[in-house]
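Written out below as C-alpha coordinates is the structure these notes cover.
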Amino acid sequence: MEALENGIKSSRRLENFCRDFELQKVCYLPLNTFLLRPLHRLMHYKQVLERLCKHHPPSHADFRDCRAALAEITEMVAQLHGTMIKMENFQKLHELKKDLIGIDNLVVPGRFNDVLLYTSRGLTASNQFKVHGQLPLYGMTIEESEDEWGVPHCLTLRGQRQSIIVAASSRSEMEKWVEDIQMAIDLAEKSSSPAPEFLASSPPDNKSPDEATAADQESEDDLSASRTSLERQAPHRGNTMVHVCWHR
(Lines give C-alpha, C1' and ligand atoms only; values in the text may rest on other atoms or scores of the structure.)
Protein backbone atom coordinates (compact mmCIF):
# COMPACT_ATOMS: atom_id res chain seq x y z
CA MET A 1 0.00 0.00 0.00
CA GLU A 2 2.82 2.41 0.84
CA ALA A 3 4.65 1.55 -2.39
CA LEU A 4 1.51 2.27 -4.44
CA GLU A 5 0.95 5.63 -2.74
CA ASN A 6 4.63 6.62 -3.17
CA GLY A 7 4.44 5.70 -6.84
CA ILE A 8 1.31 7.80 -7.34
CA LYS A 9 2.96 10.71 -5.56
CA SER A 10 6.01 10.65 -7.84
CA SER A 11 4.34 9.91 -11.19
CA ARG A 12 1.53 11.89 -12.80
CA ARG A 13 1.09 9.08 -15.32
CA LEU A 14 0.51 6.44 -12.64
CA GLU A 15 -1.78 8.82 -10.76
CA ASN A 16 -3.94 9.31 -13.87
CA PHE A 17 -3.94 5.58 -14.61
CA CYS A 18 -5.16 4.68 -11.10
CA ARG A 19 -7.75 7.46 -11.12
CA ASP A 20 -9.16 6.31 -14.48
CA PHE A 21 -9.26 2.70 -13.31
CA GLU A 22 -11.12 3.65 -10.13
CA LEU A 23 -13.83 5.32 -12.24
CA GLN A 24 -14.63 2.00 -13.95
CA LYS A 25 -17.46 -0.13 -12.62
CA VAL A 26 -15.18 -3.12 -12.14
CA CYS A 27 -13.30 -1.12 -9.45
CA TYR A 28 -16.20 -0.92 -7.02
CA LEU A 29 -14.04 0.27 -4.10
CA PRO A 30 -11.03 2.63 -3.78
CA LEU A 31 -8.09 0.78 -5.34
CA ASN A 32 -5.95 0.46 -2.22
CA THR A 33 -8.89 -1.07 -0.32
CA PHE A 34 -8.42 -4.24 -2.35
CA LEU A 35 -4.97 -4.66 -0.79
CA LEU A 36 -6.75 -5.19 2.55
CA ARG A 37 -8.96 -7.95 1.15
CA PRO A 38 -6.74 -10.86 2.34
CA LEU A 39 -7.20 -9.68 5.94
CA HIS A 40 -10.95 -9.22 5.44
CA ARG A 41 -11.16 -12.69 3.92
CA LEU A 42 -9.91 -14.27 7.14
CA MET A 43 -12.78 -12.61 9.03
CA HIS A 44 -15.19 -14.00 6.45
CA TYR A 45 -13.80 -17.53 6.85
CA LYS A 46 -14.27 -17.27 10.61
CA GLN A 47 -17.92 -16.28 10.22
CA VAL A 48 -18.58 -19.11 7.75
CA LEU A 49 -17.00 -21.69 10.05
CA GLU A 50 -19.02 -20.40 13.02
CA ARG A 51 -22.21 -20.91 11.03
CA LEU A 52 -21.12 -24.38 9.93
CA CYS A 53 -20.36 -25.42 13.51
CA LYS A 54 -23.84 -24.33 14.58
CA HIS A 55 -25.42 -26.06 11.59
CA HIS A 56 -23.71 -29.47 11.85
CA PRO A 57 -24.83 -31.84 14.63
CA PRO A 58 -22.00 -33.44 16.63
CA SER A 59 -22.57 -36.69 14.74
CA HIS A 60 -21.86 -35.07 11.37
CA ALA A 61 -18.69 -36.27 9.59
CA ASP A 62 -17.35 -32.71 9.22
CA PHE A 63 -18.16 -31.51 12.75
CA ARG A 64 -14.76 -32.16 14.36
CA ASP A 65 -12.82 -30.77 11.39
CA CYS A 66 -14.95 -27.62 11.35
CA ARG A 67 -14.40 -27.11 15.09
CA ALA A 68 -10.64 -27.56 14.68
CA ALA A 69 -10.52 -25.18 11.72
CA LEU A 70 -12.58 -22.59 13.62
CA ALA A 71 -10.24 -22.75 16.61
CA GLU A 72 -7.21 -22.27 14.36
CA ILE A 73 -8.59 -19.34 12.38
CA THR A 74 -10.03 -17.69 15.52
CA GLU A 75 -6.52 -17.59 16.98
CA MET A 76 -5.14 -16.16 13.72
CA VAL A 77 -7.82 -13.46 13.54
CA ALA A 78 -7.18 -12.47 17.16
CA GLN A 79 -3.48 -11.99 16.39
CA LEU A 80 -4.18 -9.88 13.30
CA HIS A 81 -7.12 -7.83 14.60
CA GLY A 82 -4.99 -4.91 15.79
CA THR A 83 -3.03 -4.88 12.53
CA MET A 84 -6.24 -4.83 10.51
CA ILE A 85 -7.59 -1.81 12.41
CA LYS A 86 -4.33 0.07 11.82
CA MET A 87 -4.26 -0.81 8.11
CA GLU A 88 -7.91 0.18 7.60
CA ASN A 89 -7.21 3.50 9.29
CA PHE A 90 -4.08 3.96 7.16
CA GLN A 91 -6.16 3.34 4.02
CA LYS A 92 -8.83 5.86 5.13
CA LEU A 93 -6.16 8.52 5.71
CA HIS A 94 -4.86 8.00 2.16
CA GLU A 95 -8.39 8.22 0.78
CA LEU A 96 -9.08 11.39 2.78
CA LYS A 97 -5.82 12.94 1.60
CA LYS A 98 -7.03 12.67 -2.01
CA ASP A 99 -10.04 14.83 -1.13
CA LEU A 100 -8.04 17.62 0.57
CA ILE A 101 -5.95 20.47 -0.84
CA GLY A 102 -3.42 22.29 1.32
CA ILE A 103 -2.33 19.50 3.68
CA ASP A 104 0.86 17.49 3.21
CA ASN A 105 1.60 15.27 6.21
CA LEU A 106 -1.90 13.94 6.90
CA VAL A 107 -0.82 10.30 6.57
CA VAL A 108 1.23 9.39 9.64
CA PRO A 109 1.52 5.74 10.78
CA GLY A 110 -0.52 5.28 13.94
CA ARG A 111 -2.52 8.50 13.46
CA PHE A 112 -6.20 8.38 14.40
CA ASN A 113 -8.57 11.34 14.78
CA ASP A 114 -6.50 14.11 16.37
CA VAL A 115 -7.16 17.28 14.33
CA LEU A 116 -10.26 19.20 13.28
CA LEU A 117 -9.88 20.67 9.78
CA TYR A 118 -12.20 23.38 8.46
CA THR A 119 -12.54 23.54 4.70
CA SER A 120 -14.52 24.76 1.72
CA ARG A 121 -15.45 22.73 -1.32
CA GLY A 122 -15.97 23.21 -5.03
CA LEU A 123 -13.13 25.46 -6.22
CA THR A 124 -11.23 22.78 -8.14
CA ALA A 125 -12.07 20.60 -11.12
CA SER A 126 -12.28 17.57 -8.83
CA ASN A 127 -14.35 19.32 -6.14
CA GLN A 128 -11.77 18.64 -3.46
CA PHE A 129 -11.95 20.32 -0.05
CA LYS A 130 -9.57 23.26 0.41
CA VAL A 131 -8.21 23.39 3.95
CA HIS A 132 -8.42 26.85 5.56
CA GLY A 133 -7.28 25.97 9.07
CA GLN A 134 -6.94 23.33 11.74
CA LEU A 135 -7.40 22.85 15.45
CA PRO A 136 -5.87 19.96 17.42
CA LEU A 137 -8.63 18.05 19.21
CA TYR A 138 -6.47 17.46 22.28
CA GLY A 139 -7.45 20.05 24.88
CA MET A 140 -10.22 21.57 22.75
CA THR A 141 -13.33 22.95 24.47
CA ILE A 142 -16.77 23.81 23.04
CA GLU A 143 -18.79 26.82 24.18
CA GLU A 144 -22.21 28.00 23.08
CA SER A 145 -21.74 31.65 22.11
CA GLU A 146 -25.06 32.89 20.71
CA ASP A 147 -25.25 35.70 23.29
CA GLU A 148 -21.64 36.77 22.74
CA TRP A 149 -21.86 37.08 18.96
CA GLY A 150 -25.58 37.59 18.41
CA VAL A 151 -25.70 34.74 15.89
CA PRO A 152 -28.27 31.91 16.24
CA HIS A 153 -26.95 28.40 16.92
CA CYS A 154 -23.37 29.68 17.31
CA LEU A 155 -20.44 27.75 18.82
CA THR A 156 -16.89 28.67 19.75
CA LEU A 157 -14.32 25.89 19.39
CA ARG A 158 -11.33 26.81 21.56
CA GLY A 159 -8.02 25.14 20.87
CA GLN A 160 -4.71 25.56 22.64
CA ARG A 161 -3.43 28.09 20.09
CA GLN A 162 -6.52 29.53 18.42
CA SER A 163 -10.31 29.46 18.31
CA ILE A 164 -12.92 29.37 15.56
CA ILE A 165 -16.58 30.34 15.61
CA VAL A 166 -19.13 28.31 13.66
CA ALA A 167 -22.91 28.54 13.28
CA ALA A 168 -25.30 25.70 12.52
CA SER A 169 -28.54 26.10 10.56
CA SER A 170 -30.75 24.89 13.42
CA ARG A 171 -30.71 24.04 17.11
CA SER A 172 -30.88 20.30 16.41
CA GLU A 173 -27.96 20.50 13.97
CA MET A 174 -25.91 22.43 16.51
CA GLU A 175 -26.58 19.76 19.15
CA LYS A 176 -25.43 17.05 16.72
CA TRP A 177 -22.25 19.01 16.00
CA VAL A 178 -21.54 19.35 19.72
CA GLU A 179 -22.14 15.64 20.30
CA ASP A 180 -19.87 14.52 17.44
CA ILE A 181 -17.06 16.99 18.13
CA GLN A 182 -17.10 16.23 21.85
CA MET A 183 -16.89 12.51 21.11
CA ALA A 184 -13.87 13.16 18.85
CA ILE A 185 -12.24 15.27 21.59
CA ASP A 186 -12.77 12.52 24.18
CA LEU A 187 -11.34 9.85 21.88
CA ALA A 188 -8.32 12.01 21.01
CA GLU A 189 -7.48 12.50 24.68
CA LYS A 190 -7.77 8.77 25.39
CA SER A 191 -5.82 7.58 22.35
CA SER A 192 -2.15 6.67 22.22
CA SER A 193 -1.59 8.10 18.73
CA PRO A 194 1.39 10.37 17.98
CA ALA A 195 1.49 13.70 19.83
CA PRO A 196 -0.80 16.20 18.09
CA GLU A 197 1.01 18.53 15.76
CA PHE A 198 0.03 21.02 13.10
CA LEU A 199 -0.25 19.52 9.64
CA ALA A 200 2.12 21.01 7.09
CA SER A 201 0.91 22.81 3.99
CA SER A 202 1.42 21.00 0.73
CA PRO A 203 4.80 21.66 -0.95
CA PRO A 204 5.17 22.50 -4.66
CA ASP A 205 4.34 19.70 -7.06
CA ASN A 206 7.15 17.13 -7.28
CA LYS A 207 6.02 15.02 -10.21
CA SER A 208 8.71 13.79 -12.60
CA PRO A 209 9.94 16.39 -15.18
CA ASP A 210 8.68 14.55 -18.25
CA GLU A 211 5.14 14.98 -16.98
CA ALA A 212 5.36 18.74 -16.34
CA THR A 213 3.11 19.61 -19.29
CA ALA A 214 0.25 17.53 -17.90
CA ALA A 215 0.70 19.17 -14.49
CA ASP A 216 0.57 22.66 -16.04
CA GLN A 217 -2.59 21.75 -17.92
CA GLU A 218 -4.23 20.54 -14.71
CA SER A 219 -3.36 23.82 -13.00
CA GLU A 220 -5.12 25.72 -15.79
CA ASP A 221 -8.13 23.43 -15.45
CA ASP A 222 -8.26 24.13 -11.72
CA LEU A 223 -8.26 27.89 -12.32
CA SER A 224 -11.08 27.70 -14.83
CA ALA A 225 -13.03 25.39 -12.55
CA SER A 226 -13.05 28.03 -9.80
CA ARG A 227 -15.45 30.07 -11.93
CA THR A 228 -17.98 27.27 -12.27
CA SER A 229 -20.92 26.42 -10.02
CA LEU A 230 -20.17 24.93 -6.64
CA GLU A 231 -22.75 22.27 -7.46
CA ARG A 232 -20.63 20.91 -10.32
CA GLN A 233 -19.56 17.38 -9.46
CA ALA A 234 -16.64 15.41 -10.87
CA PRO A 235 -17.43 11.78 -11.75
CA HIS A 236 -17.00 9.45 -8.80
CA ARG A 237 -18.35 6.23 -7.39
CA GLY A 238 -21.04 6.13 -4.76
CA ASN A 239 -18.98 4.15 -2.24
CA THR A 240 -16.02 6.43 -1.53
CA MET A 241 -15.72 7.99 1.91
CA VAL A 242 -16.38 11.50 0.63
CA HIS A 243 -19.52 10.40 -1.21
CA VAL A 244 -20.95 8.59 1.80
CA CYS A 245 -20.22 11.50 4.19
CA TRP A 246 -21.15 14.37 1.83
CA HIS A 247 -24.07 13.04 -0.23
CA ARG A 248 -25.74 10.48 2.01
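Letters for chains follow the order of the C-alpha coordinates (A, B, ...), residue numbers begin at 1 for each chain, and ligand numbers begin at 1 in the order shown.
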- Extract, using only C-alpha atoms, all DNA, RNA and protein residues at most 12 Å from Leu135 (chain A), discarding same-chain residues fewer than 5 positions from it, and format them as a PyMOL selection string. chain A and resi 113-119+140-141+156-165+181+185+196-199
- Task: Return as a ChimeraX atom specification the full set of residues in region 9-201 of chain A whose backbone-based DSSP assignment is strand (DSSP E or B).
- Result: /A:100-101,115-121,129-136,141-144,154-158,163-167
- Item | Coordinates-based distance that separates CA of His94 (chain A) from CA of Val107 (chain A) (Å, one decimal) | 6.4 Å
- Task: Might you pull out every residue within 12 Å of region 175-180 of chain A, with only C-alpha atoms counted and same-chain residues fewer than 3 positions away left off, and present them as an MDAnalysis selection string?
- Result: chainID A and resid 116 137 140:144 153:157 166:172 183:187
- Could you tell me how far CA of Glu2 (chain A) lies from CA of Leu23 (chain A), in Å and to one decimal? 21.4 Å
- Item | Using only C-alpha atoms: which of A:Thr74, A:Gln134, A:Gln79, A:Thr33 has the shortest distance to Glu50 (chain A) | A:Thr74
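Distances from A:Leu52, A:Leu4, A:Ile103, A:Val242 to Ala68 (chain A) were compared using only C-alpha atoms, and the smallest one belongs to A:Leu52.
In terms of minimum interatomic distance to Glu75 (chain A), A:Met43 ranks closest within A:Ile101, A:Cys18, A:Met43, A:Val131, counting only C-alpha atoms.
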- Mind listing the helix (DSSP H, G or I) residues of region 35-142 of chain A, per DSSP on the backbone, as a ChimeraX atom specification? /A:35-55,63-98
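Between CA of Leu70 (chain A) and CA of His55 (chain A) there is a distance of 13.5 Å.
Considering only C-alpha atoms, the residue among A:Gly133, A:Leu96, A:Phe17, A:Met174 positioned nearest to Pro152 (chain A) is A:Met174.
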